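Pasted below: coords_25.cif, mmCIF, N, CA and C atoms.
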data_my_file
#
loop_
_atom_site.label_atom_id
_atom_site.label_comp_id
_atom_site.auth_asym_id
_atom_site.auth_seq_id
_atom_site.Cartn_x
_atom_site.Cartn_y
_atom_site.Cartn_z
N MET A 1123 2.01 -7.84 1.39
CA MET A 1123 2.03 -6.40 1.48
C MET A 1123 0.59 -5.88 1.62
N SER A 1124 0.36 -5.05 2.57
CA SER A 1124 -0.98 -4.51 2.74
C SER A 1124 -1.10 -3.19 1.98
N GLU A 1125 -2.26 -2.96 1.40
CA GLU A 1125 -2.51 -1.76 0.62
C GLU A 1125 -2.46 -0.51 1.50
N GLU A 1126 -2.69 -0.64 2.80
CA GLU A 1126 -2.74 0.50 3.70
C GLU A 1126 -1.40 1.22 3.81
N ARG A 1127 -0.30 0.52 3.56
CA ARG A 1127 1.02 1.10 3.71
C ARG A 1127 1.40 1.99 2.53
N PHE A 1128 0.67 1.92 1.44
CA PHE A 1128 0.97 2.69 0.24
C PHE A 1128 -0.01 3.84 0.08
N ASN A 1129 0.37 4.82 -0.72
CA ASN A 1129 -0.45 6.02 -0.89
C ASN A 1129 -1.41 5.95 -2.06
N GLY A 1130 -1.58 4.80 -2.66
CA GLY A 1130 -2.61 4.61 -3.69
C GLY A 1130 -2.22 5.00 -5.10
N TYR A 1131 -0.93 5.13 -5.40
CA TYR A 1131 -0.52 5.40 -6.77
C TYR A 1131 -0.66 4.14 -7.60
N ASP A 1132 -1.09 4.29 -8.86
CA ASP A 1132 -1.21 3.16 -9.77
C ASP A 1132 0.19 2.79 -10.27
N THR A 1133 0.65 1.59 -9.95
CA THR A 1133 2.01 1.18 -10.33
C THR A 1133 2.10 0.74 -11.79
N ASN A 1134 1.00 0.72 -12.52
CA ASN A 1134 1.03 0.38 -13.95
C ASN A 1134 1.29 1.60 -14.83
N ILE A 1135 1.21 2.79 -14.23
CA ILE A 1135 1.41 4.04 -14.97
C ILE A 1135 2.82 4.54 -14.74
N ILE A 1136 3.43 5.11 -15.78
CA ILE A 1136 4.72 5.78 -15.63
C ILE A 1136 4.42 7.27 -15.45
N TYR A 1137 4.67 7.77 -14.25
CA TYR A 1137 4.41 9.17 -13.95
C TYR A 1137 5.55 10.05 -14.45
N ASP A 1138 5.21 11.27 -14.88
CA ASP A 1138 6.20 12.22 -15.34
C ASP A 1138 6.70 13.04 -14.16
N TYR A 1139 8.01 13.10 -14.00
CA TYR A 1139 8.61 13.80 -12.86
C TYR A 1139 8.23 15.29 -12.84
N LYS A 1140 8.06 15.89 -14.03
CA LYS A 1140 7.69 17.31 -14.10
C LYS A 1140 6.31 17.55 -13.50
N GLU A 1141 5.39 16.62 -13.72
CA GLU A 1141 4.03 16.75 -13.18
C GLU A 1141 3.93 16.24 -11.75
N TYR A 1142 4.73 15.25 -11.40
CA TYR A 1142 4.72 14.63 -10.07
C TYR A 1142 6.12 14.61 -9.48
N PRO A 1143 6.66 15.78 -9.06
CA PRO A 1143 7.99 15.76 -8.44
C PRO A 1143 7.95 15.01 -7.11
N ASP A 1144 9.11 14.55 -6.65
CA ASP A 1144 9.18 13.80 -5.40
C ASP A 1144 8.68 14.65 -4.23
N LYS A 1145 7.82 14.06 -3.40
CA LYS A 1145 7.38 14.74 -2.17
C LYS A 1145 8.56 14.87 -1.21
N LYS A 1146 9.34 13.79 -1.09
CA LYS A 1146 10.61 13.80 -0.35
C LYS A 1146 11.67 13.46 -1.38
N SER A 1147 12.66 14.30 -1.50
CA SER A 1147 13.69 14.12 -2.52
C SER A 1147 14.36 12.75 -2.41
N GLY A 1148 14.38 12.00 -3.53
CA GLY A 1148 15.05 10.70 -3.57
C GLY A 1148 14.27 9.56 -2.93
N ARG A 1149 13.01 9.78 -2.61
CA ARG A 1149 12.18 8.73 -2.01
C ARG A 1149 10.92 8.52 -2.84
N CYS A 1150 10.42 7.30 -2.82
CA CYS A 1150 9.20 6.96 -3.53
C CYS A 1150 8.00 7.65 -2.88
N ASP A 1151 7.14 8.27 -3.70
CA ASP A 1151 5.93 8.92 -3.18
C ASP A 1151 4.93 7.90 -2.64
N ASN A 1152 4.97 6.69 -3.16
CA ASN A 1152 3.99 5.67 -2.81
C ASN A 1152 4.32 4.96 -1.50
N CYS A 1153 5.58 4.55 -1.31
CA CYS A 1153 5.92 3.74 -0.13
C CYS A 1153 7.09 4.28 0.69
N ASP A 1154 7.66 5.43 0.30
CA ASP A 1154 8.75 6.10 1.01
C ASP A 1154 10.07 5.30 0.98
N ASN A 1155 10.21 4.38 0.04
CA ASN A 1155 11.44 3.61 -0.12
C ASN A 1155 12.47 4.45 -0.88
N ALA A 1156 13.75 4.20 -0.66
CA ALA A 1156 14.81 4.97 -1.32
C ALA A 1156 15.64 4.15 -2.30
N GLN A 1157 15.21 2.92 -2.62
CA GLN A 1157 15.96 2.08 -3.55
C GLN A 1157 15.19 1.96 -4.85
N PHE A 1158 15.90 2.23 -5.96
CA PHE A 1158 15.27 2.24 -7.27
C PHE A 1158 16.06 1.42 -8.27
N LYS A 1159 15.36 0.90 -9.29
CA LYS A 1159 15.99 0.31 -10.46
C LYS A 1159 15.88 1.36 -11.56
N SER A 1160 16.88 1.48 -12.38
CA SER A 1160 16.87 2.46 -13.46
C SER A 1160 16.95 1.75 -14.79
N SER A 1161 16.25 2.32 -15.78
CA SER A 1161 16.32 1.79 -17.13
C SER A 1161 16.05 2.93 -18.11
N VAL A 1162 16.36 2.67 -19.37
CA VAL A 1162 16.10 3.65 -20.42
C VAL A 1162 15.19 2.97 -21.44
N LYS A 1163 14.08 3.63 -21.73
CA LYS A 1163 13.13 3.09 -22.70
C LYS A 1163 12.75 4.22 -23.66
N ASN A 1164 12.98 4.03 -24.95
CA ASN A 1164 12.71 5.04 -25.98
C ASN A 1164 13.40 6.37 -25.65
N LEU A 1165 14.65 6.30 -25.22
CA LEU A 1165 15.47 7.46 -24.86
C LEU A 1165 14.92 8.23 -23.66
N ILE A 1166 14.10 7.60 -22.83
CA ILE A 1166 13.55 8.21 -21.62
C ILE A 1166 14.07 7.43 -20.42
N PHE A 1167 14.63 8.13 -19.44
CA PHE A 1167 15.15 7.52 -18.22
C PHE A 1167 13.99 7.18 -17.30
N ILE A 1168 13.85 5.92 -16.92
CA ILE A 1168 12.76 5.46 -16.06
C ILE A 1168 13.34 5.01 -14.72
N ARG A 1169 12.76 5.50 -13.63
CA ARG A 1169 13.17 5.12 -12.27
C ARG A 1169 12.01 4.32 -11.66
N GLU A 1170 12.30 3.08 -11.25
CA GLU A 1170 11.27 2.20 -10.69
C GLU A 1170 11.62 1.84 -9.25
N CYS A 1171 10.67 2.01 -8.35
CA CYS A 1171 10.87 1.66 -6.94
C CYS A 1171 11.01 0.14 -6.82
N GLN A 1172 12.01 -0.31 -6.06
CA GLN A 1172 12.22 -1.74 -5.89
C GLN A 1172 11.20 -2.37 -4.95
N LYS A 1173 10.53 -1.57 -4.13
CA LYS A 1173 9.59 -2.12 -3.17
C LYS A 1173 8.18 -2.25 -3.75
N CYS A 1174 7.64 -1.14 -4.31
CA CYS A 1174 6.25 -1.17 -4.76
C CYS A 1174 6.10 -1.15 -6.28
N GLY A 1175 7.16 -0.78 -7.01
CA GLY A 1175 7.10 -0.80 -8.47
C GLY A 1175 6.62 0.49 -9.10
N MET A 1176 6.44 1.56 -8.34
CA MET A 1176 6.04 2.83 -8.92
C MET A 1176 7.13 3.36 -9.83
N LYS A 1177 6.73 3.85 -11.03
CA LYS A 1177 7.69 4.31 -12.03
C LYS A 1177 7.52 5.80 -12.30
N LYS A 1178 8.67 6.48 -12.50
CA LYS A 1178 8.66 7.88 -12.90
C LYS A 1178 9.66 8.05 -14.03
N SER A 1179 9.28 8.86 -15.03
CA SER A 1179 10.24 9.25 -16.07
C SER A 1179 10.91 10.52 -15.60
N ILE A 1180 12.23 10.49 -15.60
CA ILE A 1180 13.01 11.61 -15.06
C ILE A 1180 13.51 12.47 -16.21
#
So that I can check it, write out the structure of this file as structure tokens.
Amino acid sequence: MSEERFNGYDTNIIYDYKEYPDKKSGRCDNCDNAQFKSSVKNLIFIRECQKCGMKKSI
């Protein structure tokens, strides 16, 4: 995977949806992928992109 295809978001950080809403609804801001893994951690819903690993708390 080349870094040029992504928008430079740090995939180690969990971004808050309130502060970083989707640029395109239902798509990853980093790589424009539409497939996500979902999990719950400490009663917070986490959405993780299956392609680049960017995470958002919803």
For the structure shown, which residues end up in the PyMOL selection byres ((chain A and resi 1159) around 6.5)? Put them as a PDB file with N, CA and C atoms, in the coordinates of the input, please?
ATOM      1  N   GLN A1157      15.210   2.920  -2.620  1.00  0.00           N
ATOM      2  CA  GLN A1157      15.960   2.080  -3.550  1.00  0.00           C
ATOM      3  C   GLN A1157      15.190   1.960  -4.850  1.00  0.00           C
ATOM      4  N   PHE A1158      15.900   2.230  -5.960  1.00  0.00           N
ATOM      5  CA  PHE A1158      15.270   2.240  -7.270  1.00  0.00           C
ATOM      6  C   PHE A1158      16.060   1.420  -8.270  1.00  0.00           C
ATOM      7  N   SER A1160      16.880   1.480 -12.380  1.00  0.00           N
ATOM      8  CA  SER A1160      16.870   2.460 -13.460  1.00  0.00           C
ATOM      9  C   SER A1160      16.950   1.750 -14.790  1.00  0.00           C
ATOM     10  N   SER A1161      16.250   2.320 -15.780  1.00  0.00           N
ATOM     11  CA  SER A1161      16.320   1.790 -17.130  1.00  0.00           C
ATOM     12  C   SER A1161      16.050   2.930 -18.110  1.00  0.00           C
ATOM     13  N   ILE A1168      13.850   5.920 -16.920  1.00  0.00           N
ATOM     14  CA  ILE A1168      12.760   5.460 -16.060  1.00  0.00           C
ATOM     15  C   ILE A1168      13.340   5.010 -14.720  1.00  0.00           C
ATOM     16  N   ARG A1169      12.760   5.500 -13.630  1.00  0.00           N
ATOM     17  CA  ARG A1169      13.170   5.120 -12.270  1.00  0.00           C
ATOM     18  C   ARG A1169      12.010   4.320 -11.660  1.00  0.00           C
ATOM     19  N   GLU A1170      12.300   3.080 -11.250  1.00  0.00           N
ATOM     20  CA  GLU A1170      11.270   2.200 -10.690  1.00  0.00           C
ATOM     21  C   GLU A1170      11.620   1.840  -9.250  1.00  0.00           C
ATOM     22  N   CYS A1171      10.670   2.010  -8.350  1.00  0.00           N
ATOM     23  CA  CYS A1171      10.870   1.660  -6.940  1.00  0.00           C
ATOM     24  C   CYS A1171      11.010   0.140  -6.820  1.00  0.00           C
ATOM     25  N   GLN A1172      12.010  -0.310  -6.060  1.00  0.00           N
ATOM     26  CA  GLN A1172      12.220  -1.740  -5.890  1.00  0.00           C
ATOM     27  C   GLN A1172      11.200  -2.370  -4.950  1.00  0.00           C
TER      28      GLN A1172
END
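Every polymer residue reaching to within 7 Å of (6.4, 5.9, -5.7), counting all atoms listed in the file, appears in this list: A:Arg1149, A:Cys1150, A:Asp1151, A:Asn1152, A:Cys1153, A:Asp1154, A:Cys1171, A:Gly1175, A:Met1176, A:Lys1177.
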Q: Report the distance between CA of Lys1173 (chain A) and CA of Lys1146 (chain A) in Å, rounded to one decimal place.
A: 16.2 Å
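Comparing the minimum interatomic distances between Ser1179 (chain A) and each of A:Asp1144, A:Asn1155, A:Ile1166, A:Phe1128, counting all atoms listed in the file, we find that A:Ile1166 sits nearest.
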Q. Between atom C of Asn1129 (chain A) and CA of Lys1163 (chain A), what is the spacing in Å?
A. 25.4 Å
Q) Distance CA of Thr1133 (chain A)-atom C of Cys1174 (chain A), one decimal place? A)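 Here the two named atoms are 6.2 Å from each other.
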Q: From a DSSP calculation on the backbone, collect every residue of chain A in strand (DSSP E or B) and output the set as number ranges by chain.
A: A: 1136-1138, 1158-1163, 1166-1171, 1177-1179
(Q) Which residues would end up in the selection if the PyMOL selection byres ((chain A and resi 1137) around 6.5) were applied here, given that I need the answer as an NGL selection string? (A) :A and (1135-1136 or 1138-1140 or 1142 or 1177-1179)
If the box runs along x, y and z of the file and leaves 4 Å on each side of region 1149-1155 of chain A, what are its centre and edge lengths in Å, one decimal, as JSON?
{"center_x": 8.5, "center_y": 6.7, "center_z": -1.3, "size_x": 17.0, "size_y": 14.2, "size_z": 12.7}
